[in-house]
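Structure data follow from model_3.cif (mmCIF, C-alpha atoms):
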```
data_model
#
loop_
_atom_site.label_atom_id
_atom_site.label_comp_id
_atom_site.auth_asym_id
_atom_site.auth_seq_id
_atom_site.Cartn_x
_atom_site.Cartn_y
_atom_site.Cartn_z
CA MET A 1 3.68 -1.19 -28.90
CA ARG A 2 6.35 -3.64 -30.02
CA SER A 3 5.01 -6.99 -31.08
CA PRO A 4 6.05 -10.10 -32.96
CA ALA A 5 4.36 -9.39 -36.26
CA PRO A 6 3.33 -12.95 -37.21
CA PHE A 7 1.16 -13.30 -34.16
CA GLY A 8 -0.54 -9.96 -34.25
CA LYS A 9 -0.16 -6.95 -32.05
CA ARG A 10 0.20 -7.67 -28.36
CA TYR A 11 -0.68 -5.38 -25.52
CA ASP A 12 1.15 -5.08 -22.25
CA LEU A 13 -1.57 -5.07 -19.65
CA LEU A 14 -2.13 -5.00 -15.95
CA VAL A 15 -5.17 -6.84 -14.64
CA THR A 16 -6.29 -6.00 -11.11
CA TYR A 17 -9.34 -7.14 -9.19
CA ASP A 18 -11.13 -6.93 -5.88
CA VAL A 19 -13.40 -9.79 -4.94
CA ASP A 20 -15.68 -9.59 -1.92
CA THR A 21 -14.63 -12.63 0.10
CA SER A 22 -17.01 -12.13 2.99
CA THR A 23 -19.02 -15.13 1.80
CA GLN A 24 -18.08 -18.64 0.73
CA ALA A 25 -19.36 -17.85 -2.76
CA GLY A 26 -17.03 -14.87 -2.86
CA ARG A 27 -14.02 -16.91 -1.82
CA ARG A 28 -14.90 -19.37 -4.58
CA ARG A 29 -15.10 -16.51 -7.11
CA LEU A 30 -11.70 -15.29 -5.96
CA ARG A 31 -10.12 -18.71 -6.50
CA ARG A 32 -11.68 -19.05 -9.93
CA VAL A 33 -10.71 -15.55 -11.02
CA ALA A 34 -7.11 -16.09 -9.91
CA ARG A 35 -6.92 -19.40 -11.78
CA ILE A 36 -8.25 -17.82 -14.96
CA CYS A 37 -5.73 -14.97 -14.74
CA GLU A 38 -2.89 -17.43 -14.13
CA GLY A 39 -3.60 -18.79 -17.59
CA TYR A 40 -3.04 -15.39 -19.18
CA GLY A 41 -0.14 -13.77 -17.37
CA GLN A 42 2.25 -13.50 -14.48
CA ARG A 43 0.92 -13.02 -11.00
CA VAL A 44 2.92 -10.28 -9.31
CA GLN A 45 0.72 -9.52 -6.31
CA TYR A 46 -2.27 -11.08 -4.66
CA SER A 47 -4.76 -9.64 -7.13
CA VAL A 48 -2.46 -8.11 -9.77
CA PHE A 49 -1.34 -9.84 -12.98
CA GLU A 50 1.00 -8.64 -15.72
CA CYS A 51 -0.13 -9.91 -19.12
CA ARG A 52 1.01 -9.61 -22.74
CA LEU A 53 -2.01 -10.42 -24.86
CA THR A 54 -3.44 -10.07 -28.32
CA ARG A 55 -6.77 -8.34 -28.59
CA GLU A 56 -8.42 -11.73 -29.03
CA GLN A 57 -6.79 -13.09 -25.88
CA LEU A 58 -7.78 -9.98 -23.95
CA GLU A 59 -11.37 -10.32 -25.08
CA ALA A 60 -11.42 -13.98 -24.08
CA LEU A 61 -9.96 -13.14 -20.67
CA GLN A 62 -12.46 -10.33 -20.09
CA HIS A 63 -15.31 -12.60 -21.10
CA ARG A 64 -14.24 -15.35 -18.73
CA LEU A 65 -13.71 -12.98 -15.82
CA VAL A 66 -17.02 -11.21 -16.31
CA GLN A 67 -18.71 -14.61 -16.24
CA GLU A 68 -17.22 -15.31 -12.81
CA LEU A 69 -17.36 -11.94 -11.08
CA ASP A 70 -20.32 -10.48 -9.23
CA GLU A 71 -20.89 -7.08 -10.80
CA THR A 72 -22.43 -5.64 -7.64
CA LEU A 73 -19.71 -6.84 -5.23
CA ASP A 74 -16.47 -7.23 -7.15
CA SER A 75 -14.27 -5.01 -9.28
CA LEU A 76 -12.09 -5.69 -12.30
CA ARG A 77 -9.76 -3.21 -13.99
CA VAL A 78 -7.48 -3.64 -16.99
CA TYR A 79 -4.77 -1.06 -17.74
CA VAL A 80 -2.40 -0.66 -20.66
CA LEU A 81 1.18 -0.33 -19.45
CA LYS A 82 3.96 1.84 -20.77
CA GLY A 83 7.34 0.20 -20.84
CA GLY A 84 6.30 -3.38 -21.43
CA ARG A 85 4.77 -6.16 -19.47
CA ASP A 86 7.65 -6.40 -17.05
CA GLY A 87 8.28 -2.70 -17.08
CA ALA A 88 7.19 -1.66 -13.65
CA LEU A 89 8.71 1.73 -12.94
CA PHE A 90 9.47 0.84 -9.35
CA THR A 91 9.21 -2.30 -7.28
CA TYR A 92 10.00 -2.87 -3.64
CA GLY A 93 9.80 -5.81 -1.31
CA ARG A 94 8.75 -9.33 -2.11
CA ASP A 95 9.15 -9.83 -5.81
CA THR A 96 7.67 -13.25 -6.16
CA TYR A 97 4.10 -13.95 -5.46
CA ARG A 98 3.45 -16.02 -2.37
CA ASP A 99 1.26 -19.09 -2.23
CA PHE A 100 -2.22 -18.41 -3.45
CA ASP A 101 -3.94 -20.22 -0.62
CA GLU A 102 -2.15 -18.37 2.12
CA PRO A 103 -4.83 -16.47 4.02
CA LEU A 104 -5.10 -12.83 4.95
CA ILE A 105 -2.74 -11.40 2.38
CA LEU A 106 -4.32 -8.23 1.10
CA MET B 1 2.61 12.52 -21.58
CA ARG B 2 0.44 15.61 -21.52
CA SER B 3 1.12 17.91 -18.63
CA PRO B 4 0.42 21.44 -17.49
CA ALA B 5 3.75 22.99 -18.37
CA PRO B 6 4.11 25.42 -15.43
CA PHE B 7 4.03 22.60 -12.90
CA GLY B 8 6.40 20.20 -14.61
CA LYS B 9 5.78 16.93 -16.32
CA ARG B 10 3.31 14.66 -14.65
CA TYR B 11 3.18 10.91 -14.90
CA ASP B 12 0.05 8.78 -14.91
CA LEU B 13 0.81 5.99 -12.52
CA LEU B 14 -0.73 2.97 -10.93
CA VAL B 15 0.41 2.10 -7.44
CA THR B 16 -0.35 -1.41 -6.19
CA TYR B 17 0.69 -3.15 -3.01
CA ASP B 18 0.37 -6.31 -1.00
CA VAL B 19 0.79 -6.08 2.73
CA ASP B 20 1.03 -9.17 4.88
CA THR B 21 -1.79 -8.67 7.36
CA SER B 22 -1.35 -11.87 9.32
CA THR B 23 -0.03 -9.84 12.26
CA GLN B 24 -1.25 -6.74 14.03
CA ALA B 25 1.88 -4.92 12.86
CA GLY B 26 1.00 -5.84 9.29
CA ARG B 27 -2.53 -4.55 9.62
CA ARG B 28 -1.10 -1.31 10.97
CA ARG B 29 1.28 -1.09 8.00
CA LEU B 30 -1.65 -1.63 5.65
CA ARG B 31 -3.63 1.21 7.20
CA ARG B 32 -0.67 3.56 7.07
CA VAL B 33 0.21 2.69 3.48
CA ALA B 34 -3.36 3.22 2.37
CA ARG B 35 -3.52 6.60 4.12
CA ILE B 36 -0.30 7.73 2.47
CA CYS B 37 -1.53 6.68 -0.97
CA GLU B 38 -4.83 8.47 -0.40
CA GLY B 39 -2.84 11.69 -0.24
CA TYR B 40 -1.40 11.12 -3.71
CA GLY B 41 -4.16 9.66 -5.84
CA GLN B 42 -7.52 8.03 -6.29
CA ARG B 43 -8.19 4.69 -4.66
CA VAL B 44 -9.86 2.44 -7.21
CA GLN B 45 -9.51 -0.93 -5.54
CA TYR B 46 -8.51 -2.20 -2.15
CA SER B 47 -4.79 -1.91 -2.82
CA VAL B 48 -4.73 -0.06 -6.15
CA PHE B 49 -4.41 3.71 -6.61
CA GLU B 50 -4.43 5.82 -9.77
CA CYS B 51 -2.08 8.79 -9.42
CA ARG B 52 -0.94 11.72 -11.57
CA LEU B 53 2.33 12.89 -10.10
CA THR B 54 5.43 14.89 -10.86
CA ARG B 55 8.73 13.11 -10.48
CA GLU B 56 9.25 14.89 -7.18
CA GLN B 57 5.86 13.76 -5.87
CA LEU B 58 6.53 10.21 -6.99
CA GLU B 59 9.86 10.18 -5.23
CA ALA B 60 8.26 11.51 -2.06
CA LEU B 61 5.52 8.87 -2.25
CA GLN B 62 8.03 6.07 -2.81
CA HIS B 63 10.14 7.28 0.07
CA ARG B 64 7.20 7.37 2.45
CA LEU B 65 5.93 3.95 1.41
CA VAL B 66 9.33 2.32 1.66
CA GLN B 67 9.61 3.70 5.18
CA GLU B 68 6.38 1.94 6.15
CA LEU B 69 6.57 -1.36 4.29
CA ASP B 70 8.34 -4.50 5.44
CA GLU B 71 10.66 -5.42 2.57
CA THR B 72 10.60 -9.12 3.46
CA LEU B 73 6.82 -9.45 3.77
CA ASP B 74 5.17 -6.79 1.64
CA SER B 75 5.27 -5.77 -2.01
CA LEU B 76 4.97 -2.41 -3.76
CA ARG B 77 4.79 -1.86 -7.51
CA VAL B 78 4.46 1.37 -9.48
CA TYR B 79 3.50 1.28 -13.18
CA VAL B 80 3.32 4.00 -15.82
CA LEU B 81 -0.04 3.94 -17.54
CA LYS B 82 -0.87 4.54 -21.16
CA GLY B 83 -3.98 6.56 -21.72
CA GLY B 84 -3.90 8.73 -18.67
CA ARG B 85 -4.63 8.36 -15.01
CA ASP B 86 -8.26 7.55 -15.53
CA GLY B 87 -7.62 5.65 -18.71
CA ALA B 88 -8.30 2.10 -17.65
CA LEU B 89 -8.86 0.07 -20.79
CA PHE B 90 -11.65 -1.93 -19.23
CA THR B 91 -13.50 -1.78 -15.96
CA TYR B 92 -16.25 -3.99 -14.63
CA GLY B 93 -18.23 -4.14 -11.45
CA ARG B 94 -18.02 -1.83 -8.48
CA ASP B 95 -16.51 1.40 -9.64
CA THR B 96 -16.19 3.16 -6.35
CA TYR B 97 -13.97 1.96 -3.63
CA ARG B 98 -15.72 0.60 -0.58
CA ASP B 99 -14.97 1.59 2.98
CA PHE B 100 -11.38 1.03 3.91
CA ASP B 101 -12.15 -0.59 7.23
CA GLU B 102 -14.50 -3.17 5.82
CA PRO B 103 -12.85 -6.53 6.47
CA LEU B 104 -12.06 -9.37 4.13
CA ILE B 105 -12.16 -7.50 0.87
CA LEU B 106 -9.30 -8.78 -1.25
#
```
Using the file provided, produce a representation of the structure as structure tokens.
Amino acid sequence: MRSPAPFGKRYDLLVTYDVDTSTQAGRRRLRRVARICEGYGQRVQYSVFECRLTREQLEALQHRLVQELDETLDSLRVYVLKGGRDGALFTYGRDTYRDFDEPLIL
Amino acid sequence: MRSPAPFGKRYDLLVTYDVDTSTQAGRRRLRRVARICEGYGQRVQYSVFECRLTREQLEALQHRLVQELDETLDSLRVYVLKGGRDGALFTYGRDTYRDFDEPLIL
């Protein structure tokens, strides 16, 4: 992967999650998880973030998310992308993420 | 990408979508989009599918999804994955997708 050498290798990643929001605690987890991810990348869908991170940043992000998520109810997945952080092969529809607090957007 | 030569090159893809479910029409779109994606790959989160497709299959999938989605309200993104269809770099929590009709799972 291309990277600015002085800052170490960076990985183009996609972070996706499901959080069980059937309880108030779950809705709180969802808000916290989204806020954490907003500090590491670009929100492109409700629970999808594009990130360009060093290994250290990725480990910090994973650590913070694992602290918040409920292992039995929620799901977190991190993928390495081909074609760069903004290199989605195909996009359609709304291209900017809508307001985080808007309800019922799956 | 590795591929079984006789069937043409296959791409390891991640398909993610947001559908605005604030209306009944939106909830219907969401159900249809999910059903279409289920025919092309493995559902791993509520609106995330891992797929291994030829270019022709990808084009057919895109065409079908674009027919269903509302361009002004919904969002579709397709990414090429490094490391293969099942090659998520990191996963945590629930590893199997829960029932599609269960409400309020974001």
With 7 Å as the cut-off and all atoms listed in the file counted, what is the closest atom pair between each nearby residue of chain B and chain A? Distances in Å to one decimal, ordered by chain and number, as JSON lines.
```
{"residue": "B:Asp18", "atom": "CA", "partner": "A:Leu106", "partner_atom": "CA", "distance": 5.5}
{"residue": "B:Val19", "atom": "CA", "partner": "A:Leu106", "partner_atom": "CA", "distance": 5.8}
{"residue": "B:Asp20", "atom": "CA", "partner": "A:Ile105", "partner_atom": "CA", "distance": 5.0}
{"residue": "B:Thr21", "atom": "CA", "partner": "A:Ile105", "partner_atom": "CA", "distance": 5.8}
{"residue": "B:Ser22", "atom": "CA", "partner": "A:Leu104", "partner_atom": "CA", "distance": 5.8}
{"residue": "B:Gln45", "atom": "CA", "partner": "A:Asp18", "partner_atom": "CA", "distance": 6.2}
{"residue": "B:Tyr46", "atom": "CA", "partner": "A:Asp18", "partner_atom": "CA", "distance": 6.6}
{"residue": "B:Glu71", "atom": "CA", "partner": "A:Gly93", "partner_atom": "CA", "distance": 4.0}
{"residue": "B:Thr72", "atom": "CA", "partner": "A:Gly93", "partner_atom": "CA", "distance": 5.9}
{"residue": "B:Leu73", "atom": "CA", "partner": "A:Arg94", "partner_atom": "CA", "distance": 6.2}
{"residue": "B:Asp74", "atom": "CA", "partner": "A:Gly93", "partner_atom": "CA", "distance": 5.6}
{"residue": "B:Ser75", "atom": "CA", "partner": "A:Gly93", "partner_atom": "CA", "distance": 4.6}
{"residue": "B:Leu76", "atom": "CA", "partner": "A:Tyr92", "partner_atom": "CA", "distance": 5.1}
{"residue": "B:Arg77", "atom": "CA", "partner": "A:Thr91", "partner_atom": "CA", "distance": 4.4}
{"residue": "B:Val78", "atom": "CA", "partner": "A:Phe90", "partner_atom": "CA", "distance": 5.0}
{"residue": "B:Tyr79", "atom": "CA", "partner": "A:Ala88", "partner_atom": "CA", "distance": 4.7}
{"residue": "B:Val80", "atom": "CA", "partner": "A:Lys82", "partner_atom": "CA", "distance": 5.4}
{"residue": "B:Leu81", "atom": "CA", "partner": "A:Leu81", "partner_atom": "CA", "distance": 4.8}
{"residue": "B:Lys82", "atom": "CA", "partner": "A:Val80", "partner_atom": "CA", "distance": 5.4}
{"residue": "B:Ala88", "atom": "CA", "partner": "A:Tyr79", "partner_atom": "CA", "distance": 4.7}
{"residue": "B:Leu89", "atom": "CA", "partner": "A:Tyr79", "partner_atom": "CA", "distance": 5.2}
{"residue": "B:Phe90", "atom": "CA", "partner": "A:Val78", "partner_atom": "CA", "distance": 5.0}
{"residue": "B:Thr91", "atom": "CA", "partner": "A:Arg77", "partner_atom": "CA", "distance": 4.5}
{"residue": "B:Tyr92", "atom": "CA", "partner": "A:Leu76", "partner_atom": "CA", "distance": 5.1}
{"residue": "B:Gly93", "atom": "CA", "partner": "A:Glu71", "partner_atom": "CA", "distance": 4.0}
{"residue": "B:Arg94", "atom": "CA", "partner": "A:Ser75", "partner_atom": "CA", "distance": 5.0}
{"residue": "B:Asp95", "atom": "CA", "partner": "A:Ser75", "partner_atom": "CA", "distance": 6.8}
{"residue": "B:Leu104", "atom": "CA", "partner": "A:Ser22", "partner_atom": "CA", "distance": 5.8}
{"residue": "B:Ile105", "atom": "CA", "partner": "A:Asp20", "partner_atom": "CA", "distance": 5.0}
{"residue": "B:Leu106", "atom": "CA", "partner": "A:Asp18", "partner_atom": "CA", "distance": 5.3}
```
Inset, instruction - Given the file shown, determine the residues that the PyMOL selection byres ((chain B and resi 52) around 8) selects; report them as a list in words. - result: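 This file, filtered by the PyMOL selection byres ((chain B and resi 52) around 8), leaves Arg10, Tyr11, Asp12, Leu13, Tyr40, Gly41, Glu50, Cys51, Leu53, Thr54 and Arg85 of chain B.
Picture a line from CA of Val33 (chain B) to CA of Leu58 (chain B); it runs 14.4 Å.
In this structure, CA of Arg29 (chain B) sits 10.0 Å away from CA of Gln67 (chain B).
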Inset, instruction - Rounded to one decimal place, report the CA of Gln57 (chain A)-CA of Gln42 (chain A) distance in Å. - result: 14.6 Å
